[in-house]
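Shown below: input-v4.cif, with mmCIF, C-alpha atoms.
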data_input
#
loop_
_atom_site.group_PDB
_atom_site.id
_atom_site.type_symbol
_atom_site.label_atom_id
_atom_site.label_comp_id
_atom_site.auth_asym_id
_atom_site.auth_seq_id
_atom_site.Cartn_x
_atom_site.Cartn_y
_atom_site.Cartn_z
ATOM 1 C CA MET A 1 107.753 96.449 122.455
ATOM 2 C CA ILE A 2 107.469 99.055 119.744
ATOM 3 C CA THR A 3 109.800 101.981 120.493
ATOM 4 C CA ALA A 4 110.545 105.315 118.886
ATOM 5 C CA ALA A 5 113.416 103.610 117.053
ATOM 6 C CA HIS A 6 110.937 101.433 115.126
ATOM 7 C CA TYR A 7 109.138 104.514 113.874
ATOM 8 C CA THR A 8 112.417 106.222 113.005
ATOM 9 C CA VAL A 9 113.588 103.212 110.987
ATOM 10 C CA LEU A 10 110.276 103.164 109.128
ATOM 11 C CA ALA A 11 110.527 106.917 108.479
ATOM 12 C CA SER A 12 114.122 106.500 107.268
ATOM 13 C CA GLY A 13 112.954 103.845 104.831
ATOM 14 C CA LEU A 14 110.137 106.015 103.494
ATOM 15 C CA PHE A 15 112.445 109.034 103.264
ATOM 16 C CA CYS A 16 115.052 107.088 101.310
ATOM 17 C CA ILE A 17 112.459 105.655 98.918
ATOM 18 C CA GLY A 18 111.192 109.204 98.354
ATOM 19 C CA LEU A 19 114.730 110.477 97.808
ATOM 20 C CA PHE A 20 115.375 107.753 95.277
ATOM 21 C CA GLY A 21 112.139 108.749 93.545
ATOM 22 C CA VAL A 22 113.277 112.384 93.391
ATOM 23 C CA LEU A 23 116.713 111.490 92.050
ATOM 24 C CA ASN A 24 115.321 109.067 89.531
ATOM 25 C CA ALA A 25 112.264 110.997 88.334
ATOM 26 C CA ARG A 26 111.984 112.228 84.811
ATOM 27 C CA SER A 27 108.811 114.258 85.074
ATOM 28 C CA ALA A 28 108.432 117.287 87.308
ATOM 29 C CA LEU A 29 105.144 116.015 88.717
ATOM 30 C CA ARG A 30 106.798 112.782 89.792
ATOM 31 C CA VAL A 31 109.382 114.821 91.704
ATOM 32 C CA VAL A 32 106.574 116.581 93.582
ATOM 33 C CA VAL A 33 104.912 113.255 94.428
ATOM 34 C CA ALA A 34 108.202 111.824 95.742
ATOM 35 C CA VAL A 35 108.880 114.977 97.769
ATOM 36 C CA GLU A 36 105.447 114.458 99.370
ATOM 37 C CA LEU A 37 106.623 111.056 100.530
ATOM 38 C CA MET A 38 109.772 112.554 102.058
ATOM 39 C CA LEU A 39 107.729 115.221 103.876
ATOM 40 C CA ASN A 40 105.494 112.531 105.310
ATOM 41 C CA ALA A 41 108.469 110.557 106.569
ATOM 42 C CA VAL A 42 109.659 113.621 108.479
ATOM 43 C CA ASN A 43 106.163 114.200 109.884
ATOM 44 C CA LEU A 44 106.026 110.587 111.063
ATOM 45 C CA ASN A 45 109.307 111.098 112.923
ATOM 46 C CA LEU A 46 108.016 114.216 114.638
ATOM 47 C CA VAL A 47 104.757 112.594 115.730
ATOM 48 C CA ALA A 48 106.608 109.515 116.996
ATOM 49 C CA TYR A 49 108.998 111.670 119.060
ATOM 50 C CA ALA A 50 106.082 113.705 120.374
ATOM 51 C CA VAL A 51 104.322 110.610 121.635
ATOM 52 C CA THR A 52 107.398 108.776 122.979
ATOM 53 C CA SER A 53 109.756 111.377 124.452
ATOM 54 C CA GLY A 54 106.874 113.308 125.887
ATOM 55 C CA ALA A 55 108.248 116.480 127.479
ATOM 56 C CA ARG A 56 105.256 118.416 126.156
ATOM 57 C CA PRO A 57 103.471 116.194 123.645
ATOM 58 C CA ALA A 58 100.541 118.554 122.998
ATOM 59 C CA SER A 59 102.904 121.364 121.954
ATOM 60 C CA ALA A 60 104.803 118.958 119.718
ATOM 61 C CA LEU A 61 101.623 117.864 117.942
ATOM 62 C CA ALA A 62 100.563 121.502 117.485
ATOM 63 C CA PHE A 63 103.992 122.073 115.934
ATOM 64 C CA VAL A 64 103.457 119.129 113.556
ATOM 65 C CA LEU A 65 100.072 120.543 112.518
ATOM 66 C CA LEU A 66 101.712 123.885 111.657
ATOM 67 C CA LEU A 67 104.338 121.990 109.677
ATOM 68 C CA ILE A 68 101.581 120.264 107.691
ATOM 69 C CA VAL A 69 100.116 123.683 106.841
ATOM 70 C CA ILE A 70 103.508 124.879 105.567
ATOM 71 C CA ALA A 71 103.986 121.660 103.582
ATOM 72 C CA ALA A 72 100.517 122.095 102.050
ATOM 73 C CA ALA A 73 101.418 125.639 100.951
ATOM 74 C CA GLU A 74 104.602 124.263 99.409
ATOM 75 C CA VAL A 75 102.725 121.539 97.503
ATOM 76 C CA GLY A 76 100.202 124.020 96.138
ATOM 77 C CA LEU A 77 102.957 126.293 94.867
ATOM 78 C CA ALA A 78 105.011 123.421 93.445
ATOM 79 C CA LEU A 79 102.057 122.028 91.508
ATOM 80 C CA ALA A 80 101.224 125.524 90.206
ATOM 81 C CA LEU A 81 104.829 125.818 89.014
ATOM 82 C CA VAL A 82 104.603 122.454 87.249
ATOM 83 C CA VAL A 83 101.402 123.520 85.489
ATOM 84 C CA ALA A 84 102.884 126.924 84.529
ATOM 85 C CA LEU A 85 106.088 125.360 83.218
ATOM 86 C CA SER A 86 104.251 122.804 81.128
ATOM 87 C CA ARG A 87 102.025 125.558 79.732
ATOM 88 C CA ARG A 88 104.924 127.767 78.771
ATOM 89 C CA SER A 89 107.466 125.365 77.419
ATOM 90 C CA ASP A 90 105.778 122.112 76.370
ATOM 91 C CA ILE A 91 108.233 120.234 78.570
ATOM 92 C CA THR A 92 107.406 118.327 81.720
ATOM 93 C CA ALA A 93 110.536 116.185 81.658
ATOM 94 C CA ILE A 94 112.667 117.524 84.454
ATOM 95 C CA ASP A 95 115.945 117.606 82.537
ATOM 96 C CA GLY A 96 114.347 119.899 79.953
ATOM 97 C CA TYR A 97 114.464 122.899 82.293
ATOM 98 C CA ALA A 98 117.988 124.043 81.510
ATOM 99 C CA THR A 99 116.726 127.642 81.221
ATOM 100 C CA LEU A 100 116.859 128.011 84.989
ATOM 101 C CA LYS A 101 120.616 127.414 84.982
ATOM 102 C CA GLY A 102 122.559 130.394 86.299
ATOM 103 C CA MET B 1 103.457 90.684 120.754
ATOM 104 C CA SER B 2 100.481 92.884 121.451
ATOM 105 C CA ALA B 3 97.808 93.803 118.949
ATOM 106 C CA ARG B 4 99.363 97.253 118.591
ATOM 107 C CA ASP B 5 102.717 95.719 117.571
ATOM 108 C CA VAL B 6 101.048 93.518 114.971
ATOM 109 C CA LEU B 7 99.184 96.521 113.593
ATOM 110 C CA PHE B 8 102.394 98.558 113.496
ATOM 111 C CA TYR B 9 104.237 95.913 111.478
ATOM 112 C CA ALA B 10 101.274 95.445 109.148
ATOM 113 C CA TYR B 11 100.906 99.170 108.439
ATOM 114 C CA ALA B 12 104.687 99.627 108.173
ATOM 115 C CA ALA B 13 104.947 96.834 105.590
ATOM 116 C CA LEU B 14 101.953 98.266 103.733
ATOM 117 C CA SER B 15 103.396 101.791 103.644
ATOM 118 C CA ILE B 16 106.811 100.579 102.451
ATOM 119 C CA VAL B 17 105.225 98.466 99.704
ATOM 120 C CA CYS B 18 103.045 101.379 98.562
ATOM 121 C CA ALA B 19 106.012 103.784 98.676
ATOM 122 C CA VAL B 20 108.007 101.433 96.454
ATOM 123 C CA GLY B 21 104.946 101.370 94.205
ATOM 124 C CA ILE B 22 105.157 105.182 93.831
ATOM 125 C CA VAL B 23 108.725 104.954 92.607
ATOM 126 C CA ARG B 24 108.195 101.900 90.426
ATOM 127 C CA ALA B 25 104.923 102.949 88.771
ATOM 128 C CA ARG B 26 105.408 103.471 85.055
ATOM 129 C CA ARG B 27 102.453 105.801 84.648
ATOM 130 C CA LEU B 28 102.057 108.938 86.688
ATOM 131 C CA VAL B 29 98.397 108.205 87.510
ATOM 132 C CA HIS B 30 99.449 104.940 89.093
ATOM 133 C CA ALA B 31 102.130 106.752 91.093
ATOM 134 C CA VAL B 32 99.477 109.126 92.478
ATOM 135 C CA VAL B 33 97.203 106.207 93.393
ATOM 136 C CA TRP B 34 100.129 104.534 95.202
ATOM 137 C CA LEU B 35 100.742 107.858 96.961
ATOM 138 C CA PHE B 36 97.144 107.810 98.166
ATOM 139 C CA ALA B 37 97.594 104.252 99.466
ATOM 140 C CA THR B 38 100.799 105.243 101.260
ATOM 141 C CA MET B 39 99.044 108.163 102.944
ATOM 142 C CA VAL B 40 96.237 105.888 104.155
ATOM 143 C CA ALA B 41 98.803 103.409 105.518
ATOM 144 C CA LEU B 42 100.566 106.266 107.318
ATOM 145 C CA ALA B 43 97.244 107.286 108.862
ATOM 146 C CA GLY B 44 97.135 103.734 110.230
ATOM 147 C CA ILE B 45 100.649 104.208 111.640
ATOM 148 C CA TYR B 46 99.445 107.350 113.436
ATOM 149 C CA LEU B 47 96.610 105.282 114.892
ATOM 150 C CA THR B 48 99.152 102.816 116.303
ATOM 151 C CA LEU B 49 100.781 105.840 117.951
ATOM 152 C CA GLY B 50 97.410 106.490 119.559
ATOM 153 C CA SER B 51 97.002 109.844 117.859
ATOM 154 C CA GLU B 52 93.633 109.792 116.140
ATOM 155 C CA LEU B 53 93.931 113.557 115.518
ATOM 156 C CA MET B 54 97.030 113.082 113.365
ATOM 157 C CA ALA B 55 95.429 110.112 111.594
ATOM 158 C CA GLY B 56 92.432 112.263 110.686
ATOM 159 C CA VAL B 57 94.555 115.188 109.534
ATOM 160 C CA GLN B 58 96.693 112.806 107.484
ATOM 161 C CA LEU B 59 93.623 111.373 105.756
ATOM 162 C CA PHE B 60 92.073 114.781 105.070
ATOM 163 C CA VAL B 61 95.168 116.728 104.026
ATOM 164 C CA TYR B 62 97.310 114.115 102.317
ATOM 165 C CA GLY B 63 94.849 111.373 101.440
ATOM 166 C CA GLY B 64 92.298 113.890 100.234
ATOM 167 C CA ALA B 65 93.617 117.304 99.326
ATOM 168 C CA VAL B 66 97.171 116.645 98.146
ATOM 169 C CA THR B 67 96.246 113.566 96.112
ATOM 170 C CA VAL B 68 93.401 115.365 94.375
ATOM 171 C CA LEU B 69 95.649 118.390 93.758
ATOM 172 C CA ALA B 70 98.282 116.123 92.191
ATOM 173 C CA LEU B 71 95.623 114.531 89.982
ATOM 174 C CA PHE B 72 94.442 117.994 88.873
ATOM 175 C CA ALA B 73 98.018 118.999 88.039
ATOM 176 C CA LEU B 74 98.348 115.739 86.118
ATOM 177 C CA VAL B 75 95.240 116.550 84.085
ATOM 178 C CA LEU B 76 96.404 120.119 83.403
ATOM 179 C CA THR B 77 99.897 119.219 82.198
ATOM 180 C CA ARG B 78 100.806 117.647 78.927
ATOM 181 C CA PRO B 79 101.594 113.967 79.108
ATOM 182 C CA VAL B 80 105.309 113.289 79.319
ATOM 183 C CA PRO B 81 106.491 111.025 76.554
ATOM 184 C CA GLU B 82 107.309 107.743 78.263
ATOM 185 C CA LEU B 83 111.021 107.250 78.722
ATOM 186 C CA PRO B 84 112.654 110.391 77.352
ATOM 187 C CA ALA B 85 116.433 110.561 77.260
ATOM 188 C CA ARG B 86 117.998 109.774 80.600
ATOM 189 C CA LEU B 87 120.430 112.144 82.268
ATOM 190 C CA SER B 88 122.981 109.373 82.054
ATOM 191 C CA SER B 89 122.748 105.623 81.799
ATOM 192 C CA ALA B 90 124.417 105.143 85.204
ATOM 193 C CA SER B 91 122.212 107.542 87.171
ATOM 194 C CA PRO B 92 119.656 105.090 88.618
ATOM 195 C CA TRP B 93 122.468 102.934 89.980
ATOM 196 C CA VAL B 94 124.370 105.890 91.389
ATOM 197 C CA ALA B 95 121.163 107.223 92.937
ATOM 198 C CA GLY B 96 120.282 103.810 94.347
ATOM 199 C CA ALA B 97 123.736 103.272 95.826
ATOM 200 C CA SER B 98 123.879 106.683 97.502
ATOM 201 C CA VAL B 99 120.331 106.309 98.867
ATOM 202 C CA LEU B 100 121.197 102.859 100.262
ATOM 203 C CA LEU B 101 124.283 104.333 101.908
ATOM 204 C CA LEU B 102 122.131 107.060 103.478
ATOM 205 C CA LEU B 103 119.615 104.459 104.649
ATOM 206 C CA ALA B 104 122.355 102.348 106.244
ATOM 207 C CA THR B 105 123.733 105.414 108.045
ATOM 208 C CA LEU B 106 120.289 106.444 109.296
ATOM 209 C CA ILE B 107 119.434 102.971 110.553
ATOM 210 C CA THR B 108 122.752 102.409 112.345
ATOM 211 C CA THR B 109 122.548 105.786 114.112
ATOM 212 C CA THR B 110 118.907 105.079 115.023
ATOM 213 C CA VAL B 111 119.745 101.691 116.530
ATOM 214 C CA ASP B 112 122.635 103.232 118.505
ATOM 215 C CA ALA B 113 120.600 106.097 119.943
ATOM 216 C CA THR B 114 119.573 105.403 123.535
ATOM 217 C CA GLU B 115 117.086 108.291 123.443
ATOM 218 C CA LEU B 116 114.960 106.331 120.985
ATOM 219 C CA ARG B 117 114.422 103.302 123.253
ATOM 220 C CA ALA B 118 111.358 104.878 124.887
ATOM 221 C CA GLY B 119 108.065 103.138 124.261
ATOM 222 C CA VAL B 120 104.860 104.726 123.048
ATOM 223 C CA ARG B 121 102.921 106.625 125.689
ATOM 224 C CA PRO B 122 99.283 107.657 125.474
ATOM 225 C CA ALA B 123 99.015 110.481 122.974
ATOM 226 C CA PRO B 124 97.719 113.861 124.189
ATOM 227 C CA SER B 125 94.011 114.358 123.627
ATOM 228 C CA THR B 126 92.772 116.513 120.777
ATOM 229 C CA ALA B 127 91.479 119.030 123.315
ATOM 230 C CA LEU B 128 94.976 119.467 124.761
ATOM 231 C CA VAL B 129 96.514 119.968 121.317
ATOM 232 C CA ALA B 130 93.800 122.490 120.463
ATOM 233 C CA ALA B 131 94.425 124.361 123.721
ATOM 234 C CA GLU B 132 98.119 124.653 122.834
ATOM 235 C CA LEU B 133 97.480 125.598 119.207
ATOM 236 C CA PHE B 134 94.849 128.244 119.938
ATOM 237 C CA GLY B 135 96.353 129.385 123.236
ATOM 238 C CA ARG B 136 100.109 129.540 123.479
ATOM 239 C CA TYR B 137 100.742 129.346 119.720
ATOM 240 C CA VAL B 138 97.803 131.355 118.424
ATOM 241 C CA VAL B 139 100.068 133.924 116.740
ATOM 242 C CA LEU B 140 101.915 131.118 114.975
ATOM 243 C CA PHE B 141 98.556 129.714 113.893
ATOM 244 C CA GLU B 142 97.523 133.075 112.413
ATOM 245 C CA VAL B 143 100.864 133.425 110.618
ATOM 246 C CA ALA B 144 100.437 129.921 109.177
ATOM 247 C CA GLY B 145 96.986 130.900 107.905
ATOM 248 C CA LEU B 146 98.460 134.022 106.318
ATOM 249 C CA LEU B 147 101.226 131.955 104.729
ATOM 250 C CA LEU B 148 98.673 129.551 103.274
ATOM 251 C CA THR B 149 96.628 132.423 101.833
ATOM 252 C CA VAL B 150 99.701 134.063 100.299
ATOM 253 C CA ALA B 151 100.825 130.718 98.854
ATOM 254 C CA LEU B 152 97.390 130.094 97.319
ATOM 255 C CA VAL B 153 97.222 133.569 95.755
ATOM 256 C CA GLY B 154 100.783 133.090 94.496
ATOM 257 C CA ALA B 155 99.862 129.712 93.045
ATOM 258 C CA ILE B 156 96.932 131.273 91.160
ATOM 259 C CA ILE B 157 99.174 134.012 89.769
ATOM 260 C CA VAL B 158 101.872 131.541 88.761
ATOM 261 C CA ALA B 159 99.489 129.074 87.128
ATOM 262 C CA ARG B 160 97.132 131.474 85.321
ATOM 263 C CA LYS B 161 97.203 131.868 81.571
ATOM 264 C CA ASP B 162 99.459 134.558 80.149
ATOM 265 C CA ASP B 163 96.893 136.335 77.954
ATOM 266 C CA ALA B 164 96.325 139.110 80.526
ATOM 267 C CA SER B 165 99.878 140.427 80.300
#

In structure tokens, how does this file's structure come out?
Amino acid sequence: MITAAHYTVLASGLFCIGLFGVLNARSALRVVVAVELMLNAVNLNLVAYAVTSGARPASALAFVLLLIVIAAAEVGLALALVVALSRRSDITAIDGYATLKG
Amino acid sequence: MSARDVLFYAYAALSIVCAVGIVRARRLVHAVVWLFATMVALAGIYLTLGSELMAGVQLFVYGGAVTVLALFALVLTRPVPELPARLSSASPWVAGASVLLLLATLITTTVDATELRAGVRPAPSTALVAAELFGRYVVLFEVAGLLLTVALVGAIIVARKDDAS
């Protein structure tokens, strides 16, 4: 029988692949793409818990939908930042942005 | 093994393979295409959970909007020279080792957790979710809409050309 644990293991795998992508990326856009993967892993966890634990599944799914909205806002802003940075500094390699160092 | 189990394993394998494809792709366009494939596979996973609402939202928002947005950003940025200087020669190995450690920790805690042994129940209907979202959480819904608007306006301001100022 497929349980919540199966979905959590799958989400852990996706999250870790995304994390590796973030740590290993050399272009800013690639970081955004890998972060998308991590966000989706978390969403998968939430939906799986909503459907399996089931105290109030409808509320949980509404919560996940709101989370998707927030994640979409984040992606839009992140991609705008990538475009602005590449326009201003000719660099899209992530280790080129030393100007943001404090 | 029921049909749902088979489908779960098939979609899980597909999503893992596509996710590895994102990380391994040499060209950014290929990474975005793998991202699209991963999102479609995840929509399948939501279907095995019985939640066709989430599957649809996943396809529309991630399969459609986010992928296209990433492709637009790709077109608007300058191409990165392939293989610029690495941060350090050891970093992929260090990153891989720490991520594997994290994965091992996550999986062992997951297997130990008794709360996660519950099976999949029928997902709530779309009508029920809508009643919650537009009833009890309607203020939250409005705030989320406001947040999205502010983020979009902010994105336009951040990404516009500098010649106005």

Ground truth for the PyMOL selection byres ((chain B) within 6 of (chain A)), written as a ChimeraX atom specification: /B:23,77,80,92,99,107,116-121,123-124,128-129,132-133,148,151,155,159

Can you report as AutoDock Vina command-line options the centre and edge lengths in Å, to one decimal, of an axis-aligned box around the listed atoms of range 50-63 of chain A padded with 3 Å on each side?
--center_x 105.1 --center_y 115.4 --center_z 121.7 --size_x 15.2 --size_y 19.3 --size_z 17.5

Taking the file as shown, find all residues satisfying the PyMOL selection byres ((chain B and resi 58-67) around 7) and write them as a list in words. Val32, Phe36, Met39, Val40, Ala43, Met54, Ala55, Gly56, Val57, Val68, Leu69, Ala70 and Leu71 of chain B

Preceding selection exported with C-alpha atoms as a short mmCIF file (atom, residue, chain, number, x, y, z; two decimals), in the frame of the given file:
data_model
loop_
_atom_site.label_atom_id
_atom_site.label_comp_id
_atom_site.auth_asym_id
_atom_site.auth_seq_id
_atom_site.Cartn_x
_atom_site.Cartn_y
_atom_site.Cartn_z
CA VAL B 32 99.48 109.13 92.48
CA PHE B 36 97.14 107.81 98.17
CA MET B 39 99.04 108.16 102.94
CA VAL B 40 96.24 105.89 104.16
CA ALA B 43 97.24 107.29 108.86
CA MET B 54 97.03 113.08 113.36
CA ALA B 55 95.43 110.11 111.59
CA GLY B 56 92.43 112.26 110.69
CA VAL B 57 94.56 115.19 109.53
CA VAL B 68 93.40 115.36 94.38
CA LEU B 69 95.65 118.39 93.76
CA ALA B 70 98.28 116.12 92.19
CA LEU B 71 95.62 114.53 89.98
#

Please indicate the distance in Å from CA of Leu14 in chain B to CA of Thr48 in chain B, rounded to one decimal place. 13.7 Å

Between CA of Phe8 in chain B and CA of Thr110 in chain B, what is the spacing in Å? 17.8 Å

In Å to one decimal, how far is CA of Tyr9 in chain B from CA of Arg26 in chain B?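 Computing it gives 27.5 Å between the two atoms.
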
Choose the residue, out of B:Leu76, B:Val17, B:Ala12, B:Leu102, that has the smallest atom-to-atom separation from Arg160 in chain B; count only C-alpha atoms. B:Leu76

Nearest to Ile16 in chain B: which of B:Val33, B:Gly135, B:Thr38, B:Ser125 is it, counting all atoms listed in the file? B:Thr38
